[in-house]
Amino acid sequence: MTAPPIQADLLISGPTLITMDAARRVIEDGAIALSGDRIVAVGKREALEREVQAARRLDGRRFVATPGFVDAHIHITGDPITRGFARGGPEDSWSDKLQRWVIPIFKAQTAEEERIAAQLAALNMIRYGTTAFVEAGTVIQLDAVMEGLAETGIRGRVGRWVEGRAYNPAEPAARVAAAAIGLLEDEVERYPDHGPESRLAAWPLLVGHSTNPDEVWIAAKRLADERGLRVSAHMSPRSGDPEWFLANHGRRPLQHLADIGVLGPNLMLTHLADIDESELDVLARSGAAAIHCPHAALQGGFGVTQIGRFPEMLDRGVPVMLGTDGLAADVLGSARLMASAFRDARRDQELIPPTKMLEMASLDPIRAMGWSEALGSLEIGKKADIVLHDTDLPEWGPVFDPVSQLALSAPASGVHSVWIDGLQVLDAGHATLFDETRLLAQAREAGRAVIARTQLPNRTPWPVS
Ligand SMILES: [Zn+2]
């Protein structure tokens with residue numbers, strides 16, 4: 001007696017599957033079948049072509065298939081439509097650049113401009129195989145952004161720009177903090193997170209650094225505990241944060257966050273370049289995740305390869321996630337940069353091998369976000385977040401070792417097709433759910449309008465006539 005056929009909407013026939021399952025199986029001449037938002041069959045092509053009855057078949061022989069990648073830290077508004085604008089000059093310090101250039105540009109956006117920026121960021125991510133992201137906590141008009149993201153099909157966790165510290169001594173500190181907590185409560189209430197079933201939801205994402213008093217940190221953590229969410233925040237890219245925490249609390253940042261009960265498995269901290277040995281200890285014991293944005297660290301001159309402790313974090317079992325910080329489009333590029341930088345710094349060519357690079361781009365962040373049951377691998381029953389990488393490109397040549405070739409030498413722009421929740425969002429490198437050409441035109445116009453409103457001069461390094 002033969003088993004009844006497996007019913008599917010789509011059978012992708014013939015790709016090499018990098019499954020990322022527990023055995024890390026790689027299946028050559030494989031096949032994968034989707035039904036609704038789920039994967040219903042994974043295996044060898046020959047068997048699945050016999051066993052699966054699919055409404056549509058796709059010839060996938062030239063592709064390597066992986067689960068979707070995760071960008072754990074990205075500013076989806078502001079930057080995407082203004083990144084080409086030359087901010088500040090050599091005379092501006094890091095904080096001058098932030099206060100006089102970066103923040104005014106963010107705050108000058110209208111709701112519509114933020115919506116467009118978020119869509120542009122989503123398009124950029126999807127084109128490089130990112131199917132899920134955690135936003136950096138700098139969205140201003142949350143409703144417009146959520147509306148725009150919903151049209152792109154991407155999976156994301158977004159938070160409003162929340163700073164609860166009263167900078168002006170005339171401001172009542174308690175009222176400023178209470179207003180910030182109110183914003184956090186409001187956003188997680190209005191955009192509830194039902195785990196991987198919610199494509200978009202709000203998390204209490206803080207700007208971090210020294211912008212929040214203890215009660216705001218504690219409130220964000222309480223919301224995350226009560227609702228199964230994650231808190232993220234920027235911390236310690238340079239010495240400024242440790243200096244501020246030492247001056248104000250007598251403790252370094254991670255020690256202080258542990259003291260007030262905030263450092264725990266649902267906290268994710270971005271940058272962490274300037275941490276000392278005692279902070280590494282408290283971090284490793286806490287279960288909190290570290291997010292490394294190598295483009296930001298290396299371009300920003302954080303000294304992360306000299307004083308940073310990311311290889312040690314990995315050794316100690318700290319969940320390390322990768323972010324682009326919006327400075328690059330591809331998470332795989334972040335993995336490459338991180339591996340290269342630390343291999344050089346530690347003179348160890350075995351550090352962060354290609355297998356770990358792919359895990360850090362997909363499986364590890366999914367686990368840190370609490371989504372392993374439903375995402376992170378190509379397995380029966382999991383949600384269909386799938387990326388097809390095109391090997392019909394000169395950078396690939398013949399495929400001998402798909403894992404190493406994808407991690408080390410495949411072109412970042414070689415993503416051909418992407419499915420999120422079983423829905424195809426990218427086909428032959430182009431968005432399927434919205435008009436890309438129109439979005440690019442809107443983004444150019446929006447970016448120019450924001451900059452014009454700030455009245456900041458575009459100080460390009462060479463004269464442009
Ligand atoms: Zn950031």
# chains A, B, ... in the order shown; residues from 1 in each chain; ligands from 1

$ residues_around --residues "Phe133 (chain A)" --least-positions-apart "4" --cutoff "6 Å" --atoms "only C-alpha atoms" --output "JSON, numbers by chain"
{"A": [70, 71, 72, 156]}

$ closest_atom_pairs --of "chain A" --to "ligand 1" --cutoff "12 Å" --atoms "only C-alpha atoms and all ligand atoms" --output "tab-separated table"
residue	atom	partner	partner_atom_place_in_ligand_line	distance
A:Asp71	CA	ligand 1	1 (Zn)	11.7
A:Ala72	CA	ligand 1	1 (Zn)	10.1
A:His73	CA	ligand 1	1 (Zn)	6.4
A:Ile74	CA	ligand 1	1 (Zn)	6.3
A:His75	CA	ligand 1	1 (Zn)	6.2
A:Ile76	CA	ligand 1	1 (Zn)	10.0
A:Thr77	CA	ligand 1	1 (Zn)	11.4
A:Gly78	CA	ligand 1	1 (Zn)	11.7
A:Asp79	CA	ligand 1	1 (Zn)	10.4
A:Leu98	CA	ligand 1	1 (Zn)	11.6
A:Val102	CA	ligand 1	1 (Zn)	11.5
A:Val134	CA	ligand 1	1 (Zn)	10.7
A:Glu135	CA	ligand 1	1 (Zn)	8.7
A:Ala136	CA	ligand 1	1 (Zn)	5.5
A:Gly137	CA	ligand 1	1 (Zn)	8.2
A:Thr138	CA	ligand 1	1 (Zn)	8.4
A:Val139	CA	ligand 1	1 (Zn)	11.6
A:Trp161	CA	ligand 1	1 (Zn)	11.8
A:Leu205	CA	ligand 1	1 (Zn)	11.2
A:Leu206	CA	ligand 1	1 (Zn)	10.6
A:Val207	CA	ligand 1	1 (Zn)	8.1
A:Gly208	CA	ligand 1	1 (Zn)	9.8
A:His209	CA	ligand 1	1 (Zn)	10.7
A:Ser232	CA	ligand 1	1 (Zn)	10.4
A:Ala233	CA	ligand 1	1 (Zn)	8.5
A:His234	CA	ligand 1	1 (Zn)	6.5
A:Met235	CA	ligand 1	1 (Zn)	9.5
A:Ser236	CA	ligand 1	1 (Zn)	11.5
A:Pro237	CA	ligand 1	1 (Zn)	9.8
A:Leu269	CA	ligand 1	1 (Zn)	10.3
A:Thr270	CA	ligand 1	1 (Zn)	7.3
A:His271	CA	ligand 1	1 (Zn)	8.2
A:Leu272	CA	ligand 1	1 (Zn)	11.7
A:Ile291	CA	ligand 1	1 (Zn)	10.1
A:His292	CA	ligand 1	1 (Zn)	10.2
A:Cys293	CA	ligand 1	1 (Zn)	8.3
A:Pro294	CA	ligand 1	1 (Zn)	11.4
A:His295	CA	ligand 1	1 (Zn)	10.9
A:Ala296	CA	ligand 1	1 (Zn)	8.2
A:Ala297	CA	ligand 1	1 (Zn)	10.5
A:Gly300	CA	ligand 1	1 (Zn)	11.6
A:Leu322	CA	ligand 1	1 (Zn)	11.8
A:Gly323	CA	ligand 1	1 (Zn)	8.6
A:Thr324	CA	ligand 1	1 (Zn)	8.5
A:Asp325	CA	ligand 1	1 (Zn)	5.0
A:Gly326	CA	ligand 1	1 (Zn)	7.8
A:Leu327	CA	ligand 1	1 (Zn)	9.5

$ closest_atom_pairs --of "region 98-207 of chain A" --to "region 351-364 of chain A" --cutoff "12 Å" --atoms "only C-alpha atoms" --output "Markdown table"
| residue | atom | partner | partner_atom | distance |
| --- | --- | --- | --- | --- |
| A:Tyr128 | CA | A:Ala361 | CA | 11.6 |
| A:Gly129 | CA | A:Ala361 | CA | 10.0 |
| A:Thr130 | CA | A:Ala361 | CA | 8.9 |
| A:Thr131 | CA | A:Ser362 | CA | 9.5 |
| A:Ala132 | CA | A:Ser362 | CA | 9.4 |
| A:Phe133 | CA | A:Ser362 | CA | 10.9 |

$ write_last_selection --atoms "N, CA and C atoms" --output "tab-separated table (two decimals), in the first residue's frame"
chain	number	residue	atom	x	y	z
A	128	TYR	N	18.78	40.80	0.56
A	128	TYR	CA	19.98	40.10	1.00
A	128	TYR	C	19.65	38.92	1.92
A	129	GLY	N	18.42	38.45	1.85
A	129	GLY	CA	18.07	37.22	2.55
A	129	GLY	C	17.69	37.38	4.01
A	130	THR	N	17.53	38.61	4.47
A	130	THR	CA	17.09	38.84	5.85
A	130	THR	C	15.57	38.75	5.89
A	131	THR	N	15.06	37.83	6.69
A	131	THR	CA	13.61	37.66	6.77
A	131	THR	C	13.05	38.18	8.09
A	132	ALA	N	13.94	38.42	9.07
A	132	ALA	CA	13.49	38.94	10.36
A	132	ALA	C	14.51	39.93	10.90
A	133	PHE	N	14.01	40.94	11.59
A	133	PHE	CA	14.93	41.94	12.13
A	133	PHE	C	14.44	42.42	13.50

$ residues_around --residues "Gly148 (chain A)" --least-positions-apart "2" --cutoff "7 Å" --atoms "only C-alpha atoms" --output "JSON, numbers by chain"
{"A": [115, 116, 118, 119, 144, 145, 146, 150, 151]}

$ residues_around --residues "Leu184 (chain A)" --least-positions-apart "5" --cutoff "8 Å" --atoms "only C-alpha atoms" --output "list of chain:residue names"
A:Arg160, A:Val162, A:Pro204, A:Ala220

$ write_last_selection --atoms "N, CA and C atoms" --output "tab-separated table (two decimals), in the first residue's frame"
chain	number	residue	atom	x	y	z
A	160	ARG	N	9.43	52.19	19.73
A	160	ARG	CA	9.47	53.64	19.58
A	160	ARG	C	10.70	54.22	20.30
A	162	VAL	N	12.45	55.83	22.88
A	162	VAL	CA	12.08	56.11	24.26
A	162	VAL	C	13.32	56.50	25.06
A	204	PRO	N	9.76	46.43	23.93
A	204	PRO	CA	10.28	47.61	24.62
A	204	PRO	C	11.76	47.80	24.30
A	220	ALA	N	10.85	48.27	31.44
A	220	ALA	CA	11.00	47.55	30.17
A	220	ALA	C	11.19	46.06	30.44

$ closest_residue --among "A:Glu114, A:Phe85, A:Glu147, A:Ala219" --to "Gly182 (chain A)" --atoms "only C-alpha atoms"
A:Ala219

$ residues_around --residues "Leu440 (chain A)" --least-positions-apart "4" --cutoff "10 Å" --atoms "only C-alpha atoms" --output "PyMOL selection string"
chain A and resi 81+116-117+119-120+123+435-436+444-446

$ write_last_selection --atoms "C-alpha atoms" --output "PDB file, in the first residue's frame"
ATOM      1  CA  ILE A  81      16.616  57.763   3.253  1.00  0.00           C
ATOM      2  CA  ILE A 116       8.801  55.118   3.291  1.00  0.00           C
ATOM      3  CA  ALA A 117      12.173  54.732   5.058  1.00  0.00           C
ATOM      4  CA  GLN A 119       9.801  50.087   3.528  1.00  0.00           C
ATOM      5  CA  LEU A 120      13.122  50.907   1.889  1.00  0.00           C
ATOM      6  CA  LEU A 123      13.335  45.939   0.709  1.00  0.00           C
ATOM      7  CA  ASP A 435       6.114  48.492  -6.586  1.00  0.00           C
ATOM      8  CA  GLU A 436       9.884  48.835  -6.097  1.00  0.00           C
ATOM      9  CA  ARG A 444      14.613  59.877  -2.926  1.00  0.00           C
ATOM     10  CA  GLU A 445      11.979  62.563  -2.573  1.00  0.00           C
ATOM     11  CA  ALA A 446      11.426  61.868   1.143  1.00  0.00           C
TER      12      ALA A 446
END

$ select_by_dssp --residues "region 425-463 of chain A" --states "helix (DSSP H, G or I)" --output "ChimeraX atom specification"
/A:436-454

$ select_by_dssp --residues "region 84-151 of chain A" --states "strand (DSSP E or B)" --output "ChimeraX atom specification"
/A:130-135,139

$ write_last_selection --atoms "C-alpha atoms" --output "compact mmCIF listing (two decimals), in the first residue's frame"
# COMPACT_ATOMS: atom_id res chain seq x y z
CA THR A 130 17.09 38.84 5.85
CA THR A 131 13.61 37.66 6.77
CA ALA A 132 13.49 38.94 10.36
CA PHE A 133 14.93 41.94 12.13
CA VAL A 134 15.03 43.69 15.47
CA GLU A 135 14.79 47.43 15.11
CA VAL A 139 11.29 54.78 15.42

$ residues_around --residues "Gly264 (chain A)" --least-positions-apart "6" --cutoff "7 Å" --atoms "only C-alpha atoms" --output "list in words"
Ser286, Gly287 and Ala288 of chain A

$ residues_around --residues "region 418-431 of chain A" --least-positions-apart "6" --cutoff "7 Å" --atoms "only C-alpha atoms" --output "PDB file with C-alpha atoms, in the first residue's frame"
ATOM      1  CA  LEU A  34       5.423  24.374   1.423  1.00  0.00           C
ATOM      2  CA  GLY A  36       0.330  27.677   3.729  1.00  0.00           C
ATOM      3  CA  ASP A  37       2.945  29.181   6.046  1.00  0.00           C
ATOM      4  CA  ARG A  38       4.625  25.842   6.828  1.00  0.00           C
ATOM      5  CA  ARG A 127      17.120  41.461  -1.113  1.00  0.00           C
ATOM      6  CA  GLY A 129      18.066  37.218   2.548  1.00  0.00           C
ATOM      7  CA  THR A 131      13.608  37.660   6.768  1.00  0.00           C
ATOM      8  CA  GLY A 153       5.872  40.942   4.247  1.00  0.00           C
ATOM      9  CA  ILE A 154       8.962  41.121   6.478  1.00  0.00           C
ATOM     10  CA  LYS A 383       7.451  28.168   9.257  1.00  0.00           C
ATOM     11  CA  ALA A 384       8.484  28.657   5.666  1.00  0.00           C
ATOM     12  CA  ASP A 385      11.081  31.448   5.875  1.00  0.00           C
ATOM     13  CA  ILE A 386      13.314  30.336   3.011  1.00  0.00           C
ATOM     14  CA  VAL A 387      16.058  31.975   0.959  1.00  0.00           C
ATOM     15  CA  LEU A 388      17.271  30.742  -2.439  1.00  0.00           C
TER      16      LEU A 388
END
